[in-house]
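**Q** One file: protein06.cif (mmCIF, C-alpha atoms).
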data_final
loop_
_atom_site.label_atom_id
_atom_site.label_comp_id
_atom_site.auth_asym_id
_atom_site.auth_seq_id
_atom_site.Cartn_x
_atom_site.Cartn_y
_atom_site.Cartn_z
CA MET A 1 -8.78 30.21 -23.62
CA SER A 2 -5.13 29.81 -22.64
CA GLU A 3 -2.71 29.16 -25.47
CA GLN A 4 -0.92 26.36 -23.61
CA TRP A 5 -2.51 23.76 -25.94
CA LEU A 6 -0.79 25.52 -28.87
CA ASP A 7 2.52 25.65 -27.00
CA ASP A 8 2.21 21.90 -26.34
CA ILE A 9 2.61 21.16 -30.05
CA LYS A 10 6.03 20.35 -31.43
CA TRP A 11 6.14 22.67 -34.40
CA THR A 12 8.69 22.18 -37.15
CA ASP A 13 11.51 24.68 -37.56
CA ASP A 14 9.21 26.39 -40.07
CA GLY A 15 6.46 26.67 -37.44
CA LEU A 16 4.23 24.03 -39.02
CA VAL A 17 2.54 20.79 -38.06
CA PRO A 18 1.09 18.17 -40.42
CA ALA A 19 -2.69 17.72 -40.17
CA ILE A 20 -4.52 14.65 -41.42
CA ALA A 21 -8.20 15.08 -42.28
CA GLN A 22 -10.36 12.00 -41.80
CA ASP A 23 -14.05 11.58 -42.53
CA TYR A 24 -15.53 11.28 -39.03
CA ARG A 25 -18.13 8.73 -40.13
CA SER A 26 -16.50 6.50 -42.75
CA GLY A 27 -12.96 6.75 -41.37
CA LYS A 28 -11.69 7.48 -44.87
CA ILE A 29 -8.50 9.54 -44.93
CA LEU A 30 -9.30 12.57 -47.03
CA MET A 31 -6.01 14.47 -47.24
CA MET A 32 -2.98 15.72 -45.38
CA ALA A 33 -1.93 19.35 -45.30
CA TRP A 34 -0.01 21.68 -43.02
CA MET A 35 -1.02 24.13 -40.32
CA ASN A 36 0.74 26.95 -38.58
CA ARG A 37 -0.21 28.25 -35.17
CA GLU A 38 -2.71 30.76 -36.50
CA SER A 39 -4.45 28.29 -38.80
CA LEU A 40 -4.80 25.72 -36.02
CA ALA A 41 -6.19 28.30 -33.61
CA LEU A 42 -8.68 29.43 -36.27
CA THR A 43 -9.62 25.81 -37.07
CA VAL A 44 -10.69 25.29 -33.47
CA GLN A 45 -12.30 28.72 -33.20
CA GLU A 46 -14.34 28.40 -36.40
CA GLN A 47 -14.81 24.62 -36.20
CA ARG A 48 -13.68 24.11 -39.79
CA ALA A 49 -10.36 23.07 -41.30
CA ILE A 50 -8.08 26.00 -42.02
CA TYR A 51 -4.63 25.07 -43.29
CA TRP A 52 -1.47 26.95 -44.11
CA SER A 53 -0.69 26.84 -47.82
CA ARG A 54 3.06 26.48 -48.11
CA SER A 55 3.06 27.16 -51.85
CA ARG A 56 0.92 30.29 -51.59
CA GLY A 57 2.30 31.38 -48.22
CA LYS A 58 -1.09 32.18 -46.76
CA LEU A 59 -4.03 30.79 -44.83
CA TRP A 60 -6.07 28.29 -46.77
CA ARG A 61 -9.67 28.09 -45.63
CA LYS A 62 -10.48 24.70 -47.11
CA GLY A 63 -13.55 25.12 -49.30
CA GLU A 64 -13.25 28.89 -49.58
CA GLU A 65 -13.55 28.64 -53.33
CA SER A 66 -15.07 25.21 -53.92
CA GLY A 67 -17.58 25.21 -51.08
CA HIS A 68 -16.03 21.91 -49.99
CA VAL A 69 -15.67 22.98 -46.39
CA GLN A 70 -14.48 20.50 -43.77
CA GLN A 71 -16.57 20.91 -40.64
CA LEU A 72 -14.74 19.92 -37.49
CA HIS A 73 -16.15 17.13 -35.34
CA GLY A 74 -13.06 16.27 -33.35
CA ILE A 75 -9.38 16.97 -33.09
CA ARG A 76 -6.59 14.72 -31.89
CA LEU A 77 -2.87 15.04 -31.22
CA ASP A 78 -0.45 12.13 -31.41
CA CYS A 79 1.88 10.77 -28.74
CA ASP A 80 4.84 12.88 -29.86
CA SER A 81 2.67 15.98 -30.20
CA ASP A 82 3.85 16.56 -33.74
CA VAL A 83 0.88 15.40 -35.86
CA ILE A 84 -2.74 16.62 -35.78
CA LEU A 85 -5.75 14.52 -36.74
CA LEU A 86 -8.95 16.30 -37.76
CA GLN A 87 -12.17 14.33 -37.70
CA VAL A 88 -14.37 16.16 -40.18
CA GLU A 89 -17.53 16.17 -42.19
CA GLN A 90 -16.56 16.80 -45.82
CA LEU A 91 -19.22 19.04 -47.34
CA GLY A 92 -19.93 18.19 -50.97
CA GLY A 93 -18.29 14.79 -50.55
CA ILE A 94 -15.18 15.95 -52.43
CA ALA A 95 -11.92 16.66 -50.61
CA CYS A 96 -9.48 16.58 -53.53
CA HIS A 97 -8.83 19.42 -55.97
CA THR A 98 -8.94 16.81 -58.75
CA GLY A 99 -12.66 16.34 -58.07
CA ARG A 100 -12.23 13.03 -56.27
CA GLU A 101 -13.64 12.06 -52.90
CA HIS A 102 -10.19 12.10 -51.33
CA CYS A 103 -6.57 12.72 -52.27
CA PHE A 104 -5.19 9.20 -51.85
CA TYR A 105 -6.45 7.88 -55.15
CA LYS A 106 -3.22 6.46 -56.57
CA THR A 107 -2.22 2.91 -55.73
CA LEU A 108 0.93 0.97 -56.57
CA GLU A 109 0.15 -1.65 -59.20
CA ASP A 110 2.69 -3.43 -61.38
CA GLY A 111 5.34 -1.03 -60.14
CA GLN A 112 3.42 2.10 -61.16
CA TRP A 113 1.13 4.56 -59.40
CA GLN A 114 -2.30 4.06 -60.92
CA PRO A 115 -5.40 6.21 -60.25
CA VAL A 116 -8.14 3.93 -58.90
CA GLU A 117 -10.86 6.34 -57.82
CA PRO A 118 -13.34 8.17 -60.04
CA VAL A 119 -13.50 11.89 -60.64
CA LEU A 120 -16.88 12.84 -59.16
CA LYS A 121 -16.92 16.36 -60.52
CA ASP A 122 -14.89 18.14 -63.18
CA PRO A 123 -12.47 20.52 -61.41
CA LYS A 124 -13.40 23.17 -63.99
CA ALA A 125 -16.92 23.03 -62.62
CA ILE A 126 -15.63 23.25 -59.05
CA TYR A 127 -13.27 26.18 -59.44
CA GLN A 128 -13.38 29.38 -61.40
CA ALA A 129 -11.50 28.75 -64.64
CA ASP A 130 -9.10 31.67 -64.21
CA LYS A 131 -7.93 30.59 -60.80
CA GLY A 132 -6.84 27.05 -61.46
CA GLY A 133 -8.26 25.63 -58.27
CA GLU A 134 -6.99 25.18 -54.76
CA SER A 135 -4.49 22.34 -54.79
CA SER A 136 -3.90 20.48 -51.58
CA GLU A 137 -0.98 22.82 -51.12
CA MET B 1 11.07 -3.49 -60.93
CA SER B 2 11.85 -0.03 -62.30
CA GLU B 3 12.43 2.70 -59.75
CA GLN B 4 10.25 5.22 -61.56
CA TRP B 5 7.55 4.89 -58.86
CA LEU B 6 10.14 6.09 -56.31
CA ASP B 7 11.20 8.96 -58.58
CA ASP B 8 7.53 9.96 -58.87
CA ILE B 9 7.43 10.89 -55.19
CA LYS B 10 8.04 14.49 -54.16
CA TRP B 11 10.60 14.01 -51.42
CA THR B 12 11.35 16.79 -48.96
CA ASP B 13 14.71 18.54 -49.11
CA ASP B 14 15.80 15.99 -46.50
CA GLY B 15 14.78 13.13 -48.79
CA LEU B 16 11.75 12.13 -46.74
CA VAL B 17 8.02 11.65 -47.22
CA PRO B 18 5.36 11.43 -44.49
CA ALA B 19 3.60 8.07 -44.25
CA ILE B 20 0.25 7.57 -42.54
CA ALA B 21 -0.53 4.06 -41.29
CA GLN B 22 -4.20 3.13 -41.25
CA ASP B 23 -5.79 -0.11 -40.05
CA TYR B 24 -7.00 -1.66 -43.30
CA ARG B 25 -10.15 -3.06 -41.69
CA SER B 26 -11.34 -0.53 -39.11
CA GLY B 27 -10.05 2.56 -40.92
CA LYS B 28 -8.50 3.78 -37.67
CA ILE B 29 -5.46 6.00 -38.18
CA LEU B 30 -2.67 4.35 -36.24
CA MET B 31 0.25 6.73 -36.59
CA MET B 32 2.27 8.95 -38.90
CA ALA B 33 6.00 8.59 -39.41
CA TRP B 34 8.56 9.36 -42.09
CA MET B 35 10.16 7.32 -44.84
CA ASN B 36 13.20 7.80 -46.99
CA ARG B 37 13.65 6.18 -50.37
CA GLU B 38 15.27 3.06 -48.95
CA SER B 39 12.63 2.51 -46.27
CA LEU B 40 9.79 2.89 -48.76
CA ALA B 41 11.42 0.46 -51.20
CA LEU B 42 11.91 -2.03 -48.36
CA THR B 43 8.33 -1.55 -47.16
CA VAL B 44 7.04 -2.65 -50.55
CA GLN B 45 9.63 -5.38 -50.91
CA GLU B 46 9.02 -6.91 -47.47
CA GLN B 47 5.31 -6.01 -47.30
CA ARG B 48 5.65 -4.48 -43.85
CA ALA B 49 6.03 -0.89 -42.66
CA ILE B 50 9.64 0.24 -42.46
CA TYR B 51 10.12 3.88 -41.54
CA TRP B 52 13.08 6.20 -41.25
CA SER B 53 13.68 7.27 -37.68
CA ARG B 54 14.70 10.92 -37.80
CA SER B 55 15.79 10.98 -34.15
CA ARG B 56 17.91 7.86 -34.40
CA GLY B 57 19.00 8.46 -37.99
CA LYS B 58 18.39 4.89 -39.12
CA LEU B 59 15.83 2.52 -40.56
CA TRP B 60 13.02 1.67 -38.18
CA ARG B 61 11.45 -1.71 -38.86
CA LYS B 62 8.20 -1.11 -37.03
CA GLY B 63 7.78 -3.94 -34.51
CA GLU B 64 11.42 -5.00 -34.60
CA GLU B 65 11.53 -4.87 -30.81
CA SER B 66 7.88 -5.00 -29.76
CA GLY B 67 6.68 -7.56 -32.29
CA HIS B 68 4.01 -5.03 -33.28
CA VAL B 69 4.71 -5.38 -36.97
CA GLN B 70 2.50 -3.59 -39.51
CA GLN B 71 1.79 -5.94 -42.39
CA LEU B 72 1.13 -4.16 -45.65
CA HIS B 73 -2.23 -4.64 -47.36
CA GLY B 74 -2.19 -1.63 -49.64
CA ILE B 75 -0.29 1.53 -50.39
CA ARG B 76 -1.54 4.83 -51.73
CA LEU B 77 -0.05 8.12 -52.86
CA ASP B 78 -1.87 11.43 -52.72
CA CYS B 79 -2.64 13.88 -55.52
CA ASP B 80 0.49 15.96 -54.94
CA SER B 81 2.65 12.84 -54.61
CA ASP B 82 4.04 14.03 -51.30
CA VAL B 83 2.18 11.87 -48.75
CA ILE B 84 2.04 8.05 -48.50
CA LEU B 85 -0.85 6.09 -47.02
CA LEU B 86 -0.19 2.56 -45.78
CA GLN B 87 -3.16 0.26 -45.28
CA VAL B 88 -1.91 -2.23 -42.71
CA GLU B 89 -2.77 -5.00 -40.33
CA GLN B 90 -1.42 -4.04 -36.92
CA LEU B 91 -0.08 -7.19 -35.28
CA GLY B 92 -0.69 -7.24 -31.53
CA GLY B 93 -3.32 -4.52 -31.87
CA ILE B 94 -0.94 -1.88 -30.48
CA ALA B 95 0.65 0.74 -32.72
CA CYS B 96 1.78 3.28 -30.13
CA HIS B 97 4.93 3.06 -28.02
CA THR B 98 2.80 4.13 -25.03
CA GLY B 99 1.00 0.78 -25.24
CA ARG B 100 -2.15 2.22 -26.78
CA GLU B 101 -3.96 0.99 -29.87
CA HIS B 102 -2.90 4.05 -31.82
CA CYS B 103 -0.95 7.26 -31.40
CA PHE B 104 -3.79 9.78 -31.69
CA TYR B 105 -5.07 9.35 -28.16
CA LYS B 106 -5.08 13.00 -27.03
CA THR B 107 -8.14 15.14 -27.69
CA LEU B 108 -8.74 18.83 -27.08
CA GLU B 109 -11.13 19.26 -24.14
CA ASP B 110 -11.61 22.44 -22.13
CA GLY B 111 -8.60 23.95 -23.89
CA GLN B 112 -6.26 21.12 -22.93
CA TRP B 113 -4.99 17.96 -24.60
CA GLN B 114 -6.46 15.05 -22.65
CA PRO B 115 -5.64 11.36 -23.11
CA VAL B 116 -8.87 9.52 -23.93
CA GLU B 117 -7.70 6.04 -24.85
CA PRO B 118 -6.61 3.26 -22.51
CA VAL B 119 -3.12 1.81 -22.23
CA LEU B 120 -3.61 -1.78 -23.36
CA LYS B 121 -0.18 -2.98 -22.29
CA ASP B 122 2.50 -1.52 -20.07
CA PRO B 123 5.34 -0.26 -22.30
CA LYS B 124 7.79 -1.87 -19.86
CA ALA B 125 6.28 -5.21 -20.77
CA ILE B 126 6.49 -4.40 -24.47
CA TYR B 127 10.09 -3.22 -24.63
CA GLN B 128 13.27 -4.31 -22.91
CA ALA B 129 13.70 -2.05 -19.90
CA ASP B 130 17.19 -0.89 -20.85
CA LYS B 131 16.21 0.29 -24.29
CA GLY B 132 13.37 2.64 -23.49
CA GLY B 133 11.19 1.56 -26.34
CA GLU B 134 10.78 2.60 -29.94
CA SER B 135 9.02 5.95 -30.00
CA SER B 136 7.11 6.88 -33.09
CA GLU B 137 10.23 8.73 -34.13
#
Produce structure tokens that represent the structure in this file.

**A**
Amino acid sequence: MSEQWLDDIKWTDDGLVPAIAQDYRSGKILMMAWMNRESLALTVQEQRAIYWSRSRGKLWRKGEESGHVQQLHGIRLDCDSDVILLQVEQLGGIACHTGREHCFYKTLEDGQWQPVEPVLKDPKAIYQADKGGESSE
Amino acid sequence: MSEQWLDDIKWTDDGLVPAIAQDYRSGKILMMAWMNRESLALTVQEQRAIYWSRSRGKLWRKGEESGHVQQLHGIRLDCDSDVILLQVEQLGGIACHTGREHCFYKTLEDGQWQPVEPVLKDPKAIYQADKGGESSE
């Protein structure tokens, strides 16, 4: 496959592009993370979400530790070619490293960010205790 | 209202945060743009999406020219406090400056990005001809 589709993307100066993961059935927005060229190519090749962890400076195969893999069902690019949308099936039903279904669980109420979604599984039971879990970064 | 909720956000070095706009009924992801502290405060105050246009270096009151205002129905923050989700009603049913319902209209097919959503209204009819329209940036 030609790499023109990768050249078409407007990467940031750091060589990244934001990627939004959306549940392909419910439409729920699960998370947003970043991809570099290699992680996007691998995402398409392996048909699962593979991000670039900015904090760890390495590829982040979503679910590599938790089993909460995001299987790819579709991929979109926006009008300006600078944002990716992944339509995924979230294995395990948990996208967030806090053990919640998705990462957008805080809402603005009375001038404060309040958590409004339940923890479905204790993060300690998701990740090995000595590793501290895979944050969304 | 205290400004603690604005301090809680992890702004980029440029003082920005990405904001995803989602149709609050259909769940469709309409677009992603950027906000600075002022635009986010105004978004909550005026209950409509107000972004920061990086290309024009000024506030971008979504719909100011097109009438395609995004009325705010809810606002979320993610686990890392570095991405905003706006749940909105898209007036006019068109979020994209290309005249499409939303900005994520290109899909990867046969190794190429292909537009797969119809133009609902000619951008020339949406924007004044001499202004060239409000891009998503």

**Q** Could you expand the PyMOL selection byres ((chain A and resi 97-99) around 12) into the explicit residues it covers here, written as a PyMOL selection string?

**A** (chain A and resi 30-31+62-63+65-68+92-96+100-105+115+117-127+132-137) or (chain B and resi 78-80)

**Q** If the PyMOL selection byres ((chain A) within 7 of (chain B)) is run on the structure shown, which residues does it catch, given as a PyMOL selection string?

**A** chain A and resi 1-2+5+27-28+75-79+103-108+111-113

**Q** I need the output of the PyMOL selection byres ((chain A and resi 14) around 12) for this file as a list of chain:residue names; which residues are they?

**A**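 That selection, the PyMOL selection byres ((chain A and resi 14) around 12), comes back as A:Lys10, A:Trp11, A:Thr12, A:Asp13, A:Gly15, A:Leu16, A:Val17, A:Pro18, A:Trp34, A:Met35, A:Asn36, A:Arg37, A:Trp52, A:Arg54, A:Gly57.
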
**Q** Applying 9 Å and all atoms listed in the file, which residues near Val88 (chain A) remain after dropping the ones on its own chain fewer than 3 positions away? List them as a list of chain:residue names.

**A** A:Ala21, A:Gln22, A:Asp23, A:Tyr24, A:Arg25, A:Arg48, A:Ala49, A:Gln70, A:Gln71, A:Leu72, A:His73, A:Gly74, A:Ile75

**Q** Can I get the selection written as a PDB file, in the frame of the given file, with C-alpha atoms?

**A**
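Produced file result_8.pdb, reproduced below:
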ATOM      1  CA  ALA A  21      -8.200  15.080 -42.280  1.00  0.00           C
ATOM      2  CA  GLN A  22     -10.360  12.000 -41.800  1.00  0.00           C
ATOM      3  CA  ASP A  23     -14.050  11.580 -42.530  1.00  0.00           C
ATOM      4  CA  TYR A  24     -15.530  11.280 -39.030  1.00  0.00           C
ATOM      5  CA  ARG A  25     -18.130   8.730 -40.130  1.00  0.00           C
ATOM      6  CA  ARG A  48     -13.680  24.110 -39.790  1.00  0.00           C
ATOM      7  CA  ALA A  49     -10.360  23.070 -41.300  1.00  0.00           C
ATOM      8  CA  GLN A  70     -14.480  20.500 -43.770  1.00  0.00           C
ATOM      9  CA  GLN A  71     -16.570  20.910 -40.640  1.00  0.00           C
ATOM     10  CA  LEU A  72     -14.740  19.920 -37.490  1.00  0.00           C
ATOM     11  CA  HIS A  73     -16.150  17.130 -35.340  1.00  0.00           C
ATOM     12  CA  GLY A  74     -13.060  16.270 -33.350  1.00  0.00           C
ATOM     13  CA  ILE A  75      -9.380  16.970 -33.090  1.00  0.00           C
TER      14      ILE A  75
END

**Q** CA of Gln128 (chain A) and CA of Leu42 (chain A), how far apart in Å?

**A**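 We find that CA of Leu42 (chain A) and CA of Gln128 (chain A) lie 25.6 Å from each other.
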
**Q** Least-squares superpose chain A onto chain B - every C-alpha atom, paired in order - and show me the moved coordinates as a PDB file with C-alpha atoms, in the frame of the given file.

**A**
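That gives us result-v3.pdb:
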ATOM      1  CA  MET A   1      11.088  -3.462 -60.926  1.00  0.00           C
ATOM      2  CA  SER A   2      11.872  -0.008 -62.302  1.00  0.00           C
ATOM      3  CA  GLU A   3      12.453   2.710 -59.740  1.00  0.00           C
ATOM      4  CA  GLN A   4      10.252   5.227 -61.564  1.00  0.00           C
ATOM      5  CA  TRP A   5       7.561   4.878 -58.852  1.00  0.00           C
ATOM      6  CA  LEU A   6      10.150   6.086 -56.306  1.00  0.00           C
ATOM      7  CA  ASP A   7      11.201   8.960 -58.565  1.00  0.00           C
ATOM      8  CA  ASP A   8       7.528   9.967 -58.870  1.00  0.00           C
ATOM      9  CA  ILE A   9       7.427  10.913 -55.187  1.00  0.00           C
ATOM     10  CA  LYS A  10       8.034  14.497 -54.167  1.00  0.00           C
ATOM     11  CA  TRP A  11      10.585  14.011 -51.434  1.00  0.00           C
ATOM     12  CA  THR A  12      11.351  16.785 -48.980  1.00  0.00           C
ATOM     13  CA  ASP A  13      14.708  18.541 -49.121  1.00  0.00           C
ATOM     14  CA  ASP A  14      15.796  15.996 -46.503  1.00  0.00           C
ATOM     15  CA  GLY A  15      14.780  13.122 -48.797  1.00  0.00           C
ATOM     16  CA  LEU A  16      11.739  12.130 -46.746  1.00  0.00           C
ATOM     17  CA  VAL A  17       8.022  11.646 -47.224  1.00  0.00           C
ATOM     18  CA  PRO A  18       5.365  11.437 -44.498  1.00  0.00           C
ATOM     19  CA  ALA A  19       3.597   8.065 -44.253  1.00  0.00           C
ATOM     20  CA  ILE A  20       0.256   7.573 -42.541  1.00  0.00           C
ATOM     21  CA  ALA A  21      -0.526   4.069 -41.283  1.00  0.00           C
ATOM     22  CA  GLN A  22      -4.200   3.130 -41.243  1.00  0.00           C
ATOM     23  CA  ASP A  23      -5.790  -0.087 -40.041  1.00  0.00           C
ATOM     24  CA  TYR A  24      -7.007  -1.645 -43.301  1.00  0.00           C
ATOM     25  CA  ARG A  25     -10.152  -3.052 -41.688  1.00  0.00           C
ATOM     26  CA  SER A  26     -11.340  -0.518 -39.108  1.00  0.00           C
ATOM     27  CA  GLY A  27     -10.038   2.567 -40.920  1.00  0.00           C
ATOM     28  CA  LYS A  28      -8.495   3.776 -37.671  1.00  0.00           C
ATOM     29  CA  ILE A  29      -5.460   6.004 -38.166  1.00  0.00           C
ATOM     30  CA  LEU A  30      -2.671   4.345 -36.244  1.00  0.00           C
ATOM     31  CA  MET A  31       0.269   6.736 -36.589  1.00  0.00           C
ATOM     32  CA  MET A  32       2.264   8.948 -38.898  1.00  0.00           C
ATOM     33  CA  ALA A  33       5.995   8.611 -39.404  1.00  0.00           C
ATOM     34  CA  TRP A  34       8.556   9.367 -42.084  1.00  0.00           C
ATOM     35  CA  MET A  35      10.155   7.323 -44.836  1.00  0.00           C
ATOM     36  CA  ASN A  36      13.181   7.800 -47.003  1.00  0.00           C
ATOM     37  CA  ARG A  37      13.647   6.166 -50.370  1.00  0.00           C
ATOM     38  CA  GLU A  38      15.267   3.050 -48.961  1.00  0.00           C
ATOM     39  CA  SER A  39      12.641   2.513 -46.271  1.00  0.00           C
ATOM     40  CA  LEU A  40       9.796   2.881 -48.767  1.00  0.00           C
ATOM     41  CA  ALA A  41      11.419   0.461 -51.197  1.00  0.00           C
ATOM     42  CA  LEU A  42      11.920  -2.039 -48.359  1.00  0.00           C
ATOM     43  CA  THR A  43       8.324  -1.543 -47.155  1.00  0.00           C
ATOM     44  CA  VAL A  44       7.034  -2.649 -50.544  1.00  0.00           C
ATOM     45  CA  GLN A  45       9.627  -5.402 -50.901  1.00  0.00           C
ATOM     46  CA  GLU A  46       9.002  -6.917 -47.464  1.00  0.00           C
ATOM     47  CA  GLN A  47       5.301  -6.011 -47.292  1.00  0.00           C
ATOM     48  CA  ARG A  48       5.654  -4.479 -43.834  1.00  0.00           C
ATOM     49  CA  ALA A  49       6.028  -0.894 -42.654  1.00  0.00           C
ATOM     50  CA  ILE A  50       9.633   0.230 -42.459  1.00  0.00           C
ATOM     51  CA  TYR A  51      10.126   3.877 -41.541  1.00  0.00           C
ATOM     52  CA  TRP A  52      13.075   6.205 -41.266  1.00  0.00           C
ATOM     53  CA  SER A  53      13.691   7.277 -37.681  1.00  0.00           C
ATOM     54  CA  ARG A  54      14.701  10.916 -37.816  1.00  0.00           C
ATOM     55  CA  SER A  55      15.783  10.982 -34.172  1.00  0.00           C
ATOM     56  CA  ARG A  56      17.913   7.845 -34.431  1.00  0.00           C
ATOM     57  CA  GLY A  57      19.002   8.456 -38.021  1.00  0.00           C
ATOM     58  CA  LYS A  58      18.387   4.896 -39.124  1.00  0.00           C
ATOM     59  CA  LEU A  59      15.837   2.504 -40.564  1.00  0.00           C
ATOM     60  CA  TRP A  60      13.035   1.669 -38.192  1.00  0.00           C
ATOM     61  CA  ARG A  61      11.455  -1.700 -38.870  1.00  0.00           C
ATOM     62  CA  LYS A  62       8.200  -1.110 -37.027  1.00  0.00           C
ATOM     63  CA  GLY A  63       7.782  -3.932 -34.526  1.00  0.00           C
ATOM     64  CA  GLU A  64      11.424  -4.986 -34.597  1.00  0.00           C
ATOM     65  CA  GLU A  65      11.538  -4.864 -30.831  1.00  0.00           C
ATOM     66  CA  SER A  66       7.891  -4.994 -29.780  1.00  0.00           C
ATOM     67  CA  GLY A  67       6.673  -7.562 -32.287  1.00  0.00           C
ATOM     68  CA  HIS A  68       4.016  -5.025 -33.279  1.00  0.00           C
ATOM     69  CA  VAL A  69       4.703  -5.374 -36.972  1.00  0.00           C
ATOM     70  CA  GLN A  70       2.498  -3.593 -39.502  1.00  0.00           C
ATOM     71  CA  GLN A  71       1.773  -5.943 -42.380  1.00  0.00           C
ATOM     72  CA  LEU A  72       1.113  -4.147 -45.635  1.00  0.00           C
ATOM     73  CA  HIS A  73      -2.231  -4.632 -47.361  1.00  0.00           C
ATOM     74  CA  GLY A  74      -2.191  -1.616 -49.630  1.00  0.00           C
ATOM     75  CA  ILE A  75      -0.287   1.530 -50.389  1.00  0.00           C
ATOM     76  CA  ARG A  76      -1.548   4.833 -51.725  1.00  0.00           C
ATOM     77  CA  LEU A  77      -0.033   8.119 -52.863  1.00  0.00           C
ATOM     78  CA  ASP A  78      -1.870  11.431 -52.725  1.00  0.00           C
ATOM     79  CA  CYS A  79      -2.642  13.864 -55.535  1.00  0.00           C
ATOM     80  CA  ASP A  80       0.487  15.949 -54.958  1.00  0.00           C
ATOM     81  CA  SER A  81       2.652  12.845 -54.617  1.00  0.00           C
ATOM     82  CA  ASP A  82       4.028  14.026 -51.305  1.00  0.00           C
ATOM     83  CA  VAL A  83       2.169  11.860 -48.754  1.00  0.00           C
ATOM     84  CA  ILE A  84       2.029   8.050 -48.498  1.00  0.00           C
ATOM     85  CA  LEU A  85      -0.857   6.088 -47.012  1.00  0.00           C
ATOM     86  CA  LEU A  86      -0.198   2.558 -45.765  1.00  0.00           C
ATOM     87  CA  GLN A  87      -3.160   0.270 -45.274  1.00  0.00           C
ATOM     88  CA  VAL A  88      -1.928  -2.227 -42.707  1.00  0.00           C
ATOM     89  CA  GLU A  89      -2.780  -5.001 -40.339  1.00  0.00           C
ATOM     90  CA  GLN A  90      -1.420  -4.025 -36.917  1.00  0.00           C
ATOM     91  CA  LEU A  91      -0.083  -7.176 -35.278  1.00  0.00           C
ATOM     92  CA  GLY A  92      -0.684  -7.229 -31.531  1.00  0.00           C
ATOM     93  CA  GLY A  93      -3.322  -4.517 -31.863  1.00  0.00           C
ATOM     94  CA  ILE A  94      -0.933  -1.888 -30.473  1.00  0.00           C
ATOM     95  CA  ALA A  95       0.646   0.735 -32.725  1.00  0.00           C
ATOM     96  CA  CYS A  96       1.775   3.274 -30.124  1.00  0.00           C
ATOM     97  CA  HIS A  97       4.935   3.059 -28.024  1.00  0.00           C
ATOM     98  CA  THR A  98       2.805   4.127 -25.044  1.00  0.00           C
ATOM     99  CA  GLY A  99       0.988   0.782 -25.230  1.00  0.00           C
ATOM    100  CA  ARG A 100      -2.154   2.223 -26.788  1.00  0.00           C
ATOM    101  CA  GLU A 101      -3.954   0.982 -29.872  1.00  0.00           C
ATOM    102  CA  HIS A 102      -2.901   4.044 -31.844  1.00  0.00           C
ATOM    103  CA  CYS A 103      -0.948   7.263 -31.401  1.00  0.00           C
ATOM    104  CA  PHE A 104      -3.788   9.777 -31.691  1.00  0.00           C
ATOM    105  CA  TYR A 105      -5.058   9.355 -28.166  1.00  0.00           C
ATOM    106  CA  LYS A 106      -5.079  12.985 -27.032  1.00  0.00           C
ATOM    107  CA  THR A 107      -8.130  15.122 -27.690  1.00  0.00           C
ATOM    108  CA  LEU A 108      -8.733  18.817 -27.077  1.00  0.00           C
ATOM    109  CA  GLU A 109     -11.123  19.253 -24.165  1.00  0.00           C
ATOM    110  CA  ASP A 110     -11.629  22.435 -22.166  1.00  0.00           C
ATOM    111  CA  GLY A 111      -8.622  23.932 -23.911  1.00  0.00           C
ATOM    112  CA  GLN A 112      -6.261  21.106 -22.930  1.00  0.00           C
ATOM    113  CA  TRP A 113      -4.986  17.946 -24.599  1.00  0.00           C
ATOM    114  CA  GLN A 114      -6.465  15.065 -22.641  1.00  0.00           C
ATOM    115  CA  PRO A 115      -5.630  11.355 -23.109  1.00  0.00           C
ATOM    116  CA  VAL A 116      -8.867   9.517 -23.925  1.00  0.00           C
ATOM    117  CA  GLU A 117      -7.707   6.032 -24.866  1.00  0.00           C
ATOM    118  CA  PRO A 118      -6.605   3.253 -22.522  1.00  0.00           C
ATOM    119  CA  VAL A 119      -3.132   1.816 -22.218  1.00  0.00           C
ATOM    120  CA  LEU A 120      -3.607  -1.790 -23.353  1.00  0.00           C
ATOM    121  CA  LYS A 121      -0.186  -2.981 -22.295  1.00  0.00           C
ATOM    122  CA  ASP A 122       2.497  -1.514 -20.055  1.00  0.00           C
ATOM    123  CA  PRO A 123       5.341  -0.268 -22.295  1.00  0.00           C
ATOM    124  CA  LYS A 124       7.789  -1.872 -19.850  1.00  0.00           C
ATOM    125  CA  ALA A 125       6.266  -5.206 -20.770  1.00  0.00           C
ATOM    126  CA  ILE A 126       6.491  -4.383 -24.475  1.00  0.00           C
ATOM    127  CA  TYR A 127      10.085  -3.212 -24.616  1.00  0.00           C
ATOM    128  CA  GLN A 128      13.256  -4.302 -22.929  1.00  0.00           C
ATOM    129  CA  ALA A 129      13.717  -2.060 -19.898  1.00  0.00           C
ATOM    130  CA  ASP A 130      17.216  -0.916 -20.854  1.00  0.00           C
ATOM    131  CA  LYS A 131      16.211   0.277 -24.279  1.00  0.00           C
ATOM    132  CA  GLY A 132      13.381   2.619 -23.464  1.00  0.00           C
ATOM    133  CA  GLY A 133      11.182   1.545 -26.331  1.00  0.00           C
ATOM    134  CA  GLU A 134      10.784   2.596 -29.919  1.00  0.00           C
ATOM    135  CA  SER A 135       9.021   5.944 -29.956  1.00  0.00           C
ATOM    136  CA  SER A 136       7.113   6.895 -33.048  1.00  0.00           C
ATOM    137  CA  GLU A 137      10.251   8.728 -34.049  1.00  0.00           C
TER     138      GLU A 137
END
